[in-house]
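What follows is the content of coords13.csv (CSV, C-alpha atoms).
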```
chain,number,residue,atom,x,y,z
A,1,MET,CA,-7.1,-12.7,-4.4
A,2,ASN,CA,-8.2,-10.4,-7.2
A,3,VAL,CA,-5.8,-7.7,-8.3
A,4,MET,CA,-5.8,-5.0,-11.0
A,5,VAL,CA,-3.9,-1.9,-12.0
A,6,VAL,CA,-6.1,0.8,-13.5
A,7,ASP,CA,-4.6,3.0,-16.2
A,8,HIS,CA,-6.5,6.2,-15.5
A,9,GLU,CA,-5.5,8.7,-12.8
A,10,ILE,CA,-7.3,8.6,-9.5
A,11,PRO,CA,-6.7,11.2,-6.8
A,12,TYR,CA,-6.2,9.8,-3.3
A,13,THR,CA,-7.7,11.8,-0.4
A,14,GLY,CA,-7.9,9.2,2.4
A,15,ARG,CA,-11.7,8.9,1.9
A,16,GLU,CA,-11.0,6.0,-0.4
A,17,LEU,CA,-9.9,3.9,2.5
A,18,ARG,CA,-13.3,2.4,3.1
A,19,SER,CA,-15.2,-0.9,2.5
A,20,GLY,CA,-16.5,-1.1,-1.0
A,21,TRP,CA,-14.2,1.4,-2.7
A,22,VAL,CA,-12.1,-1.2,-4.4
A,23,ARG,CA,-15.2,-2.6,-6.0
A,24,GLU,CA,-16.4,0.8,-7.0
A,25,ALA,CA,-13.1,1.7,-8.6
A,26,SER,CA,-12.2,-1.6,-10.3
A,27,GLY,CA,-15.2,-3.9,-10.3
A,28,LEU,CA,-13.2,-6.4,-8.2
A,29,GLU,CA,-15.1,-8.2,-5.5
A,30,GLY,CA,-14.2,-10.0,-2.3
A,31,GLU,CA,-10.5,-10.1,-1.3
A,32,ALA,CA,-9.0,-7.6,-3.8
A,33,ALA,CA,-6.4,-5.0,-4.3
A,34,VAL,CA,-6.3,-2.2,-6.9
A,35,GLY,CA,-3.3,-0.2,-8.0
A,36,PHE,CA,-3.6,3.3,-9.4
A,37,VAL,CA,-1.6,6.4,-9.9
A,38,GLY,CA,-2.8,9.9,-8.9
A,39,PRO,CA,-2.1,12.9,-6.8
A,40,CYS,CA,-2.3,12.5,-3.0
A,41,ARG,CA,-3.6,15.0,-0.4
A,42,VAL,CA,-4.9,13.6,2.8
A,43,ASN,CA,-6.0,16.4,5.2
A,44,ASN,CA,-5.5,16.0,8.9
A,45,GLU,CA,-9.2,15.3,9.5
A,46,ASP,CA,-9.1,12.4,7.1
A,47,LEU,CA,-6.1,10.6,8.7
A,48,VAL,CA,-6.9,7.3,10.4
A,49,ASP,CA,-3.6,7.1,12.1
A,50,MET,CA,-4.5,8.7,15.5
A,51,GLU,CA,-0.9,9.6,16.4
A,52,ASP,CA,-0.4,11.4,13.1
A,53,ALA,CA,-3.8,13.1,13.4
A,54,GLU,CA,-3.1,14.3,17.0
A,55,ALA,CA,0.3,15.6,15.8
A,56,GLY,CA,-1.5,17.8,13.2
A,57,THR,CA,0.2,16.1,10.2
A,58,PHE,CA,-1.1,15.6,6.7
A,59,ILE,CA,0.0,13.6,3.7
A,60,GLU,CA,0.7,15.2,0.3
A,61,ALA,CA,2.6,14.4,-2.9
A,62,GLU,CA,2.1,15.7,-6.4
A,63,LEU,CA,1.9,12.1,-7.7
A,64,MET,CA,1.8,8.7,-6.0
A,65,ALA,CA,1.4,5.1,-7.0
A,66,HIS,CA,-1.3,3.7,-4.7
A,67,VAL,CA,-2.3,0.2,-3.6
A,68,LEU,CA,-5.7,-0.1,-1.9
A,69,ALA,CA,-6.5,-3.6,-0.6
A,70,GLU,CA,-9.6,-4.9,1.0
A,71,HIS,CA,-9.4,-8.1,3.0
A,72,PRO,CA,-12.9,-9.2,4.2
A,73,GLY,CA,-12.8,-11.3,7.4
A,74,CYS,CA,-9.3,-10.1,8.3
A,75,ASN,CA,-8.7,-8.7,11.8
A,76,ILE,CA,-6.5,-5.7,12.4
A,77,ALA,CA,-3.6,-7.9,13.7
A,78,GLU,CA,-3.6,-9.9,10.5
A,79,GLY,CA,-4.1,-6.7,8.4
A,80,VAL,CA,-1.0,-5.1,9.9
A,81,LEU,CA,1.0,-8.3,9.1
A,82,ARG,CA,-0.3,-8.2,5.5
A,83,GLN,CA,0.6,-4.5,5.3
A,84,ARG,CA,4.1,-5.2,6.5
A,85,MET,CA,4.4,-8.1,4.0
A,86,LEU,CA,3.3,-5.8,1.1
A,87,VAL,CA,5.9,-3.2,2.2
A,88,CYS,CA,8.6,-6.0,2.5
A,89,LEU,CA,7.7,-7.2,-1.1
A,90,LEU,CA,8.1,-3.6,-2.3
A,91,CYS,CA,11.6,-3.5,-0.6
A,92,GLU,CA,12.5,-6.8,-2.3
A,93,ILE,CA,11.6,-5.5,-5.7
A,94,LEU,CA,13.4,-2.2,-5.3
A,95,GLY,CA,16.4,-3.9,-3.7
A,96,GLU,CA,17.0,-5.7,-7.0
A,97,ARG,CA,18.1,-2.4,-8.5
A,98,PHE,CA,18.9,0.0,-5.6
A,99,LYS,CA,21.2,-0.6,-2.7
A,100,GLY,CA,20.0,2.4,-0.6
A,101,VAL,CA,16.4,1.0,0.0
A,102,GLN,CA,15.6,0.4,3.7
A,103,ARG,CA,12.4,-0.4,5.6
A,104,SER,CA,11.5,0.9,9.1
A,105,GLY,CA,8.2,-0.6,10.2
A,106,ASP,CA,5.7,0.1,7.4
A,107,ASP,CA,7.8,2.9,5.8
A,108,VAL,CA,10.3,2.6,3.0
A,109,TYR,CA,13.2,4.9,2.5
A,110,TYR,CA,15.7,5.4,-0.3
A,111,ASP,CA,19.0,7.2,0.5
A,112,GLY,CA,17.5,8.5,3.7
A,113,ARG,CA,14.4,10.0,2.2
A,114,LYS,CA,10.9,8.7,2.6
A,115,LEU,CA,9.4,6.9,-0.4
A,116,THR,CA,6.1,5.6,1.0
A,117,VAL,CA,3.2,6.1,3.3
A,118,SER,CA,1.1,3.2,4.5
A,119,ILE,CA,-1.7,2.3,6.9
A,120,ALA,CA,-3.8,-0.8,7.8
A,121,ALA,CA,-7.2,-0.1,9.4
A,122,PRO,CA,-10.1,-2.1,10.5
A,123,SER,CA,-13.3,-1.9,8.5
A,124,PRO,CA,-16.8,-3.2,9.3
A,125,GLY,CA,-16.2,-6.4,7.5
A,126,GLY,CA,-12.5,-6.9,7.8
A,127,CYS,CA,-9.4,-4.8,7.1
A,128,MET,CA,-8.2,-2.2,4.6
A,129,ILE,CA,-4.6,-1.4,3.6
A,130,HIS,CA,-3.3,1.7,1.7
A,131,LEU,CA,0.2,1.9,0.4
A,132,GLY,CA,1.3,5.1,-1.3
A,133,ILE,CA,4.6,5.2,-3.2
A,134,ASN,CA,5.9,8.6,-4.2
A,135,VAL,CA,6.2,9.2,-7.9
A,136,ARG,CA,6.8,13.0,-7.7
A,137,PRO,CA,7.0,13.9,-4.0
A,138,GLU,CA,6.6,17.7,-4.3
A,139,GLY,CA,4.5,19.0,-1.5
A,140,ALA,CA,5.5,16.2,1.0
A,141,PRO,CA,5.9,17.5,4.5
A,142,VAL,CA,9.1,15.5,5.0
A,143,PRO,CA,12.3,14.9,2.9
A,144,ALA,CA,11.0,12.5,0.2
A,145,VAL,CA,12.0,10.8,-3.0
A,146,GLY,CA,10.0,9.4,-5.8
A,147,LEU,CA,9.9,6.7,-8.5
A,148,GLU,CA,10.4,9.3,-11.2
A,149,ALA,CA,13.8,10.3,-9.9
A,150,MET,CA,14.6,6.6,-9.5
A,151,GLY,CA,13.8,6.0,-13.2
A,152,LEU,CA,10.9,3.6,-12.4
A,153,ASP,CA,7.6,3.3,-14.2
A,154,PRO,CA,4.8,3.4,-11.5
A,155,HIS,CA,2.3,1.3,-13.4
A,156,ALA,CA,4.9,-1.5,-14.1
A,157,LEU,CA,6.0,-1.4,-10.4
A,158,LEU,CA,2.4,-1.7,-9.2
A,159,ARG,CA,1.7,-4.7,-11.5
A,160,ARG,CA,4.8,-6.5,-10.2
A,161,LEU,CA,4.0,-5.6,-6.6
A,162,LEU,CA,0.4,-6.8,-6.8
A,163,ASP,CA,1.3,-10.0,-8.6
A,164,ASP,CA,3.9,-10.7,-5.9
A,165,TYR,CA,1.4,-9.9,-3.2
A,166,ASP,CA,-1.2,-12.2,-4.7
A,167,ARG,CA,1.3,-15.0,-5.1
A,168,GLU,CA,2.5,-14.6,-1.5
A,169,LEU,CA,-1.0,-14.7,-0.1
A,170,ARG,CA,-1.8,-17.8,-2.2
A,171,SER,CA,1.3,-19.4,-0.9
A,172,CYS,CA,0.4,-18.6,2.7
A,173,ALA,CA,-3.1,-20.1,2.2
A,174,HIS,CA,-1.5,-23.3,0.7
A,175,ALA,CA,0.9,-23.6,3.6
A,176,GLN,CA,-2.0,-23.8,6.0
A,177,THR,CA,-3.5,-26.8,4.1
A,178,LYS,CA,-0.4,-29.0,4.0
A,179,VAL,CA,0.3,-29.5,7.7
A,180,ARG,CA,-1.3,-31.7,10.3
A,181,ALA,CA,-2.2,-30.5,13.7
A,182,ILE,CA,0.2,-31.2,16.6
A,183,SER,CA,-0.7,-32.1,20.2
```

Starting from the file, lay out its structure as structure tokens.
Amino acid sequence: MNVMVVDHEIPYTGRELRSGWVREASGLEGEAAVGFVGPCRVNNEDLVDMEDAEAGTFIEAELMAHVLAEHPGCNIAEGVLRQRMLVCLLCEILGERFKGVQRSGDDVYYDGRKLTVSIAAPSPGGCMIHLGINVRPEGAPVPAVGLEAMGLDPHALLRRLLDDYDRELRSCAHAQTKVRAIS
């Protein structure tokens, strides 16, 4: 898997969750993930989570650390599992320093306040994943916390998270090659 963290700020509106955006933003092709930091405002009409859209919600934070991953040939079931793995890896990293980190499904909380937003969605050629981690959560429609208040550098966290994600996916691919079929 190709991974990269870009240094320049990129706003996230939800419209970036589409095939080809990772390549446009980073030059990475194929199975790839890009990390970036930027403000977040996803209006209701741009939500792909139908339950959230029907409830009239939106996503907003003054600043978030984002991961946008494109997995060609990946169905939605596998995409959701990869999304959950990415979220679990984030929890492992944060759990090294913070005891109050908890996961519920694809959401991460710290001391009872929401730290992340996340979605996996099918695309024409596979699956897309977005993970947004609050840096400065001002504007969030729910009680939220951010990396800044936790004393964490968002770019360093993104680099570690993407490296861990890449390593885990490579390990999974290797695990598939070292077993024989059973009858």

Can you pull out the residues contacting A:Ala120? Cut-off 6 Å, using all atoms listed in the file, and skip same-chain residues under 6 positions away; I want them as number ranges by chain. A: 79-80, 128-129

Using only C-alpha atoms, determine which residues lie at most 7 Å from stretch 112-114 of chain A, disregarding the query and same-chain residues fewer than 4 positions distant; provide the list as an MDAnalysis selection string. chainID A and resid 108 143:145

Spatial neighbours of stretch 20-35 of chain A, max dist 12 Å, all atoms listed in the file, sep filter under 6 positions, as a ChimeraX atom specification: /A:1-12,14,64-74,82-83,86,123-133,154-166,169-170

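Taking atom CA of A:Val142 and atom CA of A:Leu90 as the two end points, the separation is 20.5 Å.
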
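Atom pair atom CA of A:Ser104 / atom CA of A:Met85 has a distance of 12.5 Å (rounded to one decimal).
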
Given only C-alpha atoms as the basis, pick out the residue of A:Cys172, A:Ala77, A:Val37, A:Leu17 nearest to A:Asp153. A:Val37

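Note that the spacing between atom CA of A:Thr57 and atom CA of A:Arg136 amounts to 19.3 Å.
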